[in-house]
>>> print(open('upload_33.cif').read())   # mmCIF, C-alpha atoms
data_coords
loop_
_atom_site.label_atom_id
_atom_site.label_comp_id
_atom_site.auth_asym_id
_atom_site.auth_seq_id
_atom_site.Cartn_x
_atom_site.Cartn_y
_atom_site.Cartn_z
CA MET A 6 -49.65 49.44 175.02
CA ASP A 7 -46.74 48.18 177.12
CA LYS A 8 -43.53 49.27 175.35
CA THR A 9 -41.59 46.34 176.81
CA GLN A 10 -43.70 43.80 174.90
CA PRO A 11 -43.26 43.19 171.16
CA HIS A 12 -45.89 44.72 168.90
CA PRO A 13 -48.68 42.17 168.17
CA VAL A 14 -48.02 42.34 164.40
CA PHE A 15 -44.31 41.72 165.01
CA LYS A 16 -45.14 38.78 167.27
CA LEU A 17 -47.63 37.35 164.75
CA ALA A 18 -45.10 37.63 161.90
CA THR A 19 -42.37 35.84 163.85
CA GLU A 20 -44.80 33.09 164.85
CA LEU A 21 -46.56 32.59 161.50
CA GLY A 22 -43.66 33.44 159.19
CA PRO A 23 -41.88 30.08 159.54
CA LEU A 24 -45.14 28.19 158.96
CA ILE A 25 -45.83 30.17 155.80
CA VAL A 26 -42.28 29.46 154.60
CA PHE A 27 -42.84 25.75 155.28
CA PHE A 28 -46.14 25.54 153.39
CA VAL A 29 -44.88 27.53 150.40
CA ALA A 30 -41.67 25.48 150.15
CA ASN A 31 -43.61 22.23 150.49
CA ALA A 32 -46.08 23.25 147.77
CA LYS A 33 -43.36 24.44 145.40
CA PHE A 34 -40.68 21.80 146.07
CA ASN A 35 -41.06 18.93 148.54
CA LEU A 36 -41.13 18.06 152.23
CA PHE A 37 -37.34 17.92 152.57
CA VAL A 38 -36.80 21.41 151.15
CA ALA A 39 -39.74 22.67 153.24
CA THR A 40 -38.25 21.18 156.42
CA GLY A 41 -34.87 22.82 155.80
CA ALA A 42 -36.47 26.16 154.99
CA PHE A 43 -38.68 25.87 158.09
CA MET A 44 -35.67 25.21 160.30
CA VAL A 45 -33.85 28.27 158.95
CA ALA A 46 -37.00 30.39 159.36
CA ILE A 47 -37.49 29.19 162.97
CA VAL A 48 -33.91 30.00 163.92
CA THR A 49 -34.21 33.40 162.27
CA ALA A 50 -37.56 34.08 163.97
CA VAL A 51 -36.18 33.14 167.39
CA ILE A 52 -33.20 35.45 166.89
CA VAL A 53 -35.51 38.27 165.73
CA LEU A 54 -37.80 37.75 168.72
CA VAL A 55 -34.93 37.65 171.25
CA PHE A 56 -33.04 40.63 169.83
CA GLY A 57 -36.20 42.61 169.13
CA THR A 58 -37.35 42.07 172.70
CA LEU A 59 -33.94 43.08 174.08
CA THR A 60 -34.06 46.22 171.95
CA LEU A 61 -37.50 47.17 173.28
CA VAL A 62 -36.96 46.21 176.92
CA LEU A 63 -33.53 47.81 177.26
CA HIS A 64 -34.26 50.69 174.87
CA ASP A 65 -30.96 49.94 173.12
CA GLU A 66 -30.94 49.71 169.32
CA THR A 67 -27.62 47.87 169.35
CA PHE A 68 -29.39 44.54 169.78
CA ILE A 69 -31.52 44.82 166.65
CA LYS A 70 -28.54 46.15 164.68
CA VAL A 71 -26.32 43.20 165.61
CA LYS A 72 -29.04 40.63 164.80
CA PRO A 73 -28.20 40.47 161.05
CA THR A 74 -24.53 39.99 161.91
CA ILE A 75 -25.43 37.00 164.06
CA ILE A 76 -27.76 35.51 161.44
CA TYR A 77 -25.28 35.99 158.59
CA GLY A 78 -22.48 34.62 160.77
CA LEU A 79 -24.59 31.63 161.73
CA PHE A 80 -25.36 30.85 158.08
CA ALA A 81 -21.66 31.20 157.19
CA ALA A 82 -20.67 28.91 160.06
CA ILE A 83 -23.29 26.28 159.20
CA LEU A 84 -22.32 26.21 155.52
CA GLY A 85 -18.57 26.33 156.19
CA GLY A 86 -18.82 23.80 159.01
CA GLY A 87 -20.80 21.46 156.80
CA LEU A 88 -18.03 21.60 154.21
CA LEU A 89 -15.45 20.68 156.87
CA PHE A 90 -17.46 17.50 157.45
CA GLY A 91 -17.89 16.82 153.75
CA ARG A 92 -21.52 18.00 153.59
CA SER A 93 -23.14 20.66 151.45
CA PHE A 94 -26.24 21.91 153.20
CA ILE A 95 -27.08 23.96 150.11
CA ALA A 96 -27.15 20.70 148.13
CA ILE A 97 -29.56 19.20 150.65
CA LEU A 98 -31.91 22.17 150.31
CA PHE A 99 -31.65 22.74 146.56
CA ASN A 100 -30.94 19.36 145.01
CA GLN A 101 -34.49 19.28 143.67
CA MET A 102 -33.88 22.54 141.78
CA PHE A 103 -30.32 21.96 140.58
CA ASN A 104 -28.51 18.78 139.67
CA LEU A 105 -24.83 19.57 140.21
CA THR A 106 -21.63 17.60 140.52
CA PRO A 107 -20.17 17.26 144.03
CA LYS A 108 -17.49 19.80 143.05
CA GLY A 109 -20.20 22.22 141.91
CA TRP A 110 -22.00 21.91 145.23
CA ARG A 111 -18.73 22.45 147.14
CA ILE A 112 -17.93 25.59 145.14
CA LEU A 113 -21.45 26.96 145.51
CA THR A 114 -21.54 26.23 149.25
CA MET A 115 -18.13 27.85 149.82
CA ARG A 116 -19.18 30.94 147.87
CA TRP A 117 -22.40 31.30 149.87
CA ALA A 118 -20.52 30.81 153.15
CA LEU A 119 -18.09 33.57 152.15
CA PHE A 120 -20.97 35.78 150.99
CA PHE A 121 -22.73 35.45 154.35
CA LEU A 122 -19.45 36.15 156.15
CA ALA A 123 -18.97 39.28 154.02
CA MET A 124 -22.55 40.38 154.75
CA ALA A 125 -21.91 39.95 158.50
CA VAL A 126 -18.81 42.14 158.24
CA LEU A 127 -20.64 44.69 156.08
CA ASN A 128 -23.51 44.90 158.59
CA GLU A 129 -21.02 45.49 161.40
CA ILE A 130 -19.26 48.25 159.45
CA ILE A 131 -22.51 49.99 158.52
CA TRP A 132 -24.21 49.95 161.91
CA ARG A 133 -21.03 51.03 163.70
CA THR A 134 -20.09 53.86 161.31
CA GLN A 135 -23.38 55.17 159.91
CA SER A 136 -26.60 56.65 161.28
CA THR A 137 -29.51 54.44 162.30
CA ASP A 138 -31.52 55.80 159.35
CA PHE A 139 -28.75 54.78 156.94
CA TRP A 140 -28.56 51.31 158.51
CA VAL A 141 -32.35 50.85 158.23
CA THR A 142 -32.22 51.96 154.57
CA PHE A 143 -29.37 49.52 153.90
CA LYS A 144 -31.33 46.68 155.57
CA ALA A 145 -34.43 47.47 153.52
CA PHE A 146 -32.93 48.40 150.15
CA GLY A 147 -29.34 47.16 150.18
CA ALA A 148 -29.09 43.70 151.73
CA VAL A 149 -31.83 42.05 149.65
CA PRO A 150 -30.60 43.42 146.28
CA LEU A 151 -27.02 42.43 147.17
CA THR A 152 -28.22 38.91 147.93
CA MET A 153 -30.17 38.72 144.66
CA VAL A 154 -27.22 40.01 142.63
CA PHE A 155 -24.95 37.49 144.33
CA ALA A 156 -27.40 34.65 143.68
CA ILE A 157 -27.69 35.58 140.00
CA SER A 158 -23.91 35.85 139.74
CA GLN A 159 -23.70 32.16 140.73
CA MET A 160 -25.51 31.00 137.59
CA PRO A 161 -22.26 30.37 135.65
CA VAL A 162 -21.15 27.91 138.38
CA ILE A 163 -24.55 26.23 138.28
CA LYS A 164 -24.39 25.95 134.49
CA ARG A 165 -20.77 24.76 134.48
CA TYR A 166 -21.32 21.95 136.99
CA HIS A 167 -24.87 21.04 135.97
CA LEU A 168 -25.54 17.36 135.31
CA GLU A 169 -28.15 16.51 132.71
CA PRO A 170 -30.66 13.88 133.77
CA ALA A 171 -29.96 10.52 132.24
CA THR A 172 -31.70 10.12 128.90
CA LEU A 173 -32.23 7.05 126.77
CA GLU A 174 -29.54 8.22 124.36
CA ALA A 175 -27.07 8.82 127.17
CA SER A 176 -27.84 5.40 128.66
CA GLU A 177 -27.29 3.74 125.29
CA ALA A 178 -24.04 5.65 124.77
CA GLU A 179 -22.80 4.57 128.20
CA ALA A 180 -23.64 0.99 127.27
CA GLY A 181 -21.43 1.38 124.22
CA ASP A 182 -24.22 1.87 121.68
CA VAL A 183 -23.25 5.02 119.78
CA SER A 184 -24.94 4.00 116.52
CA LYS A 185 -27.84 6.41 117.03
CA GLY A 186 -27.20 10.08 116.43
#
>>> encode(input="upload_33.cif", output="structure tokens")
Amino acid sequence: MDKTQPHPVFKLATELGPLIVFFVANAKFNLFVATGAFMVAIVTAVIVLVFGTLTLVLHDETFIKVKPTIIYGLFAAILGGGLLFGRSFIAILFNQMFNLTPKGWRILTMRWALFFLAMAVLNEIIWRTQSTDFWVTFKAFGAVPLTMVFAISQMPVIKRYHLEPATLEASEAEAGDVSKG
């Protein structure tokens, strides 16, 4: 096999991965969430394909090691940039799962932007100061658990700024009818 070409399994995963993400997100949530997830997966797949190819063609592992830094930095920039324009891209993707106040979405978006920035910095520190084997182990067994722990740690914010769906009782109370209950 030509070592300058990506492995067929790698190529298949980067081509089919975004489609699988789209179909799963559409089945579980809706078309809007699926479209956002698909866009993120496409960008990620393109970056993986470009940097993976550069790594193979130039026989330089630096390219694949810097890829997570670029992806994390891109996510941080998109989330932070959205906030500068008064938009929460996390709210757009997850408003079907969570019903939060605008302040809740701002806090959650800012925290995720800072998390992705921290992950970019952490990736840079690890690949520049540790062995390749350590970096690979961190990518496989460190980054995903850190992300899950961070996501779980955001539950208090989600609970604090959660809005209950309007109920009949709430509607009546807003209309001034507090005689029930």
>>> residues_around(input="upload_33.cif", residues="Ala39 in chain A", least_positions_apart="4", cutoff="6 Å", atoms="only C-alpha atoms", output="ChimeraX atom specification")
/A:27,30-31,43
>>> closest_residue(input="upload_33.cif", among="A:Thr49, A:Gln101, A:Thr106, A:Thr58", to="Tyr166 in chain A", atoms="only C-alpha atoms")
A:Thr106
>>> resolve_selection(input="upload_33.cif", expression="the PyMOL selection byres ((chain A and resi 160-164) around 9)", output="PyMOL selection string")
chain A and resi 103-105+109-110+112-113+156-159+165-168
>>> resolve_selection(input="upload_33.cif", expression="the PyMOL selection byres ((chain A and resi 48) around 12)", output="ChimeraX atom specification")
/A:19-20,22-23,41-47,49-55,72,75-77,79-80
>>> closest_residue(input="upload_33.cif", among="A:Gly57, A:Pro150, A:Gly78, A:Gly85", to="Thr114 in chain A", atoms="all atoms listed in the file")
A:Gly85
>>> axis_aligned_box(input="upload_33.cif", around="range 111-124 of chain A", padding_each_side="4 Å", output="lines of an AutoDock Vina configuration file")
center_x = -20.3
center_y = 31.4
center_z = 150.6
size_x = 12.8
size_y = 25.9
size_z = 19.0
>>> closest_residue(input="upload_33.cif", among="A:Val149, A:Leu24, A:Val154, A:Ala125", to="Lys70 in chain A", atoms="only C-alpha atoms")
A:Ala125
>>> atom_distance(input="upload_33.cif", atom1="CA of Ala118 in chain A", atom2="CA of Ala96 in chain A")
13.1 Å
>>> resolve_selection(input="upload_33.cif", expression="the PyMOL selection byres ((chain A and resi 67) around 12)", output="count of residues only")
24
>>> residues_near_point(input="upload_33.cif", point="(-25.7, 23.0, 149.1)", cutoff="8 Å", atoms="all atoms listed in the file", output="number ranges by chain")
A: 84, 92-100, 110-111, 113-114
>>> atom_distance(input="upload_33.cif", atom1="CA of Ala82 in chain A", atom2="CA of Phe121 in chain A")
8.9 Å
>>> atom_distance(input="upload_33.cif", atom1="CA of Ile131 in chain A", atom2="CA of Lys144 in chain A")
9.9 Å
>>> closest_residue(input="upload_33.cif", among="A:Phe90, A:Leu21, A:Ala81, A:Thr152", to="Leu119 in chain A", atoms="all atoms listed in the file")
A:Ala81
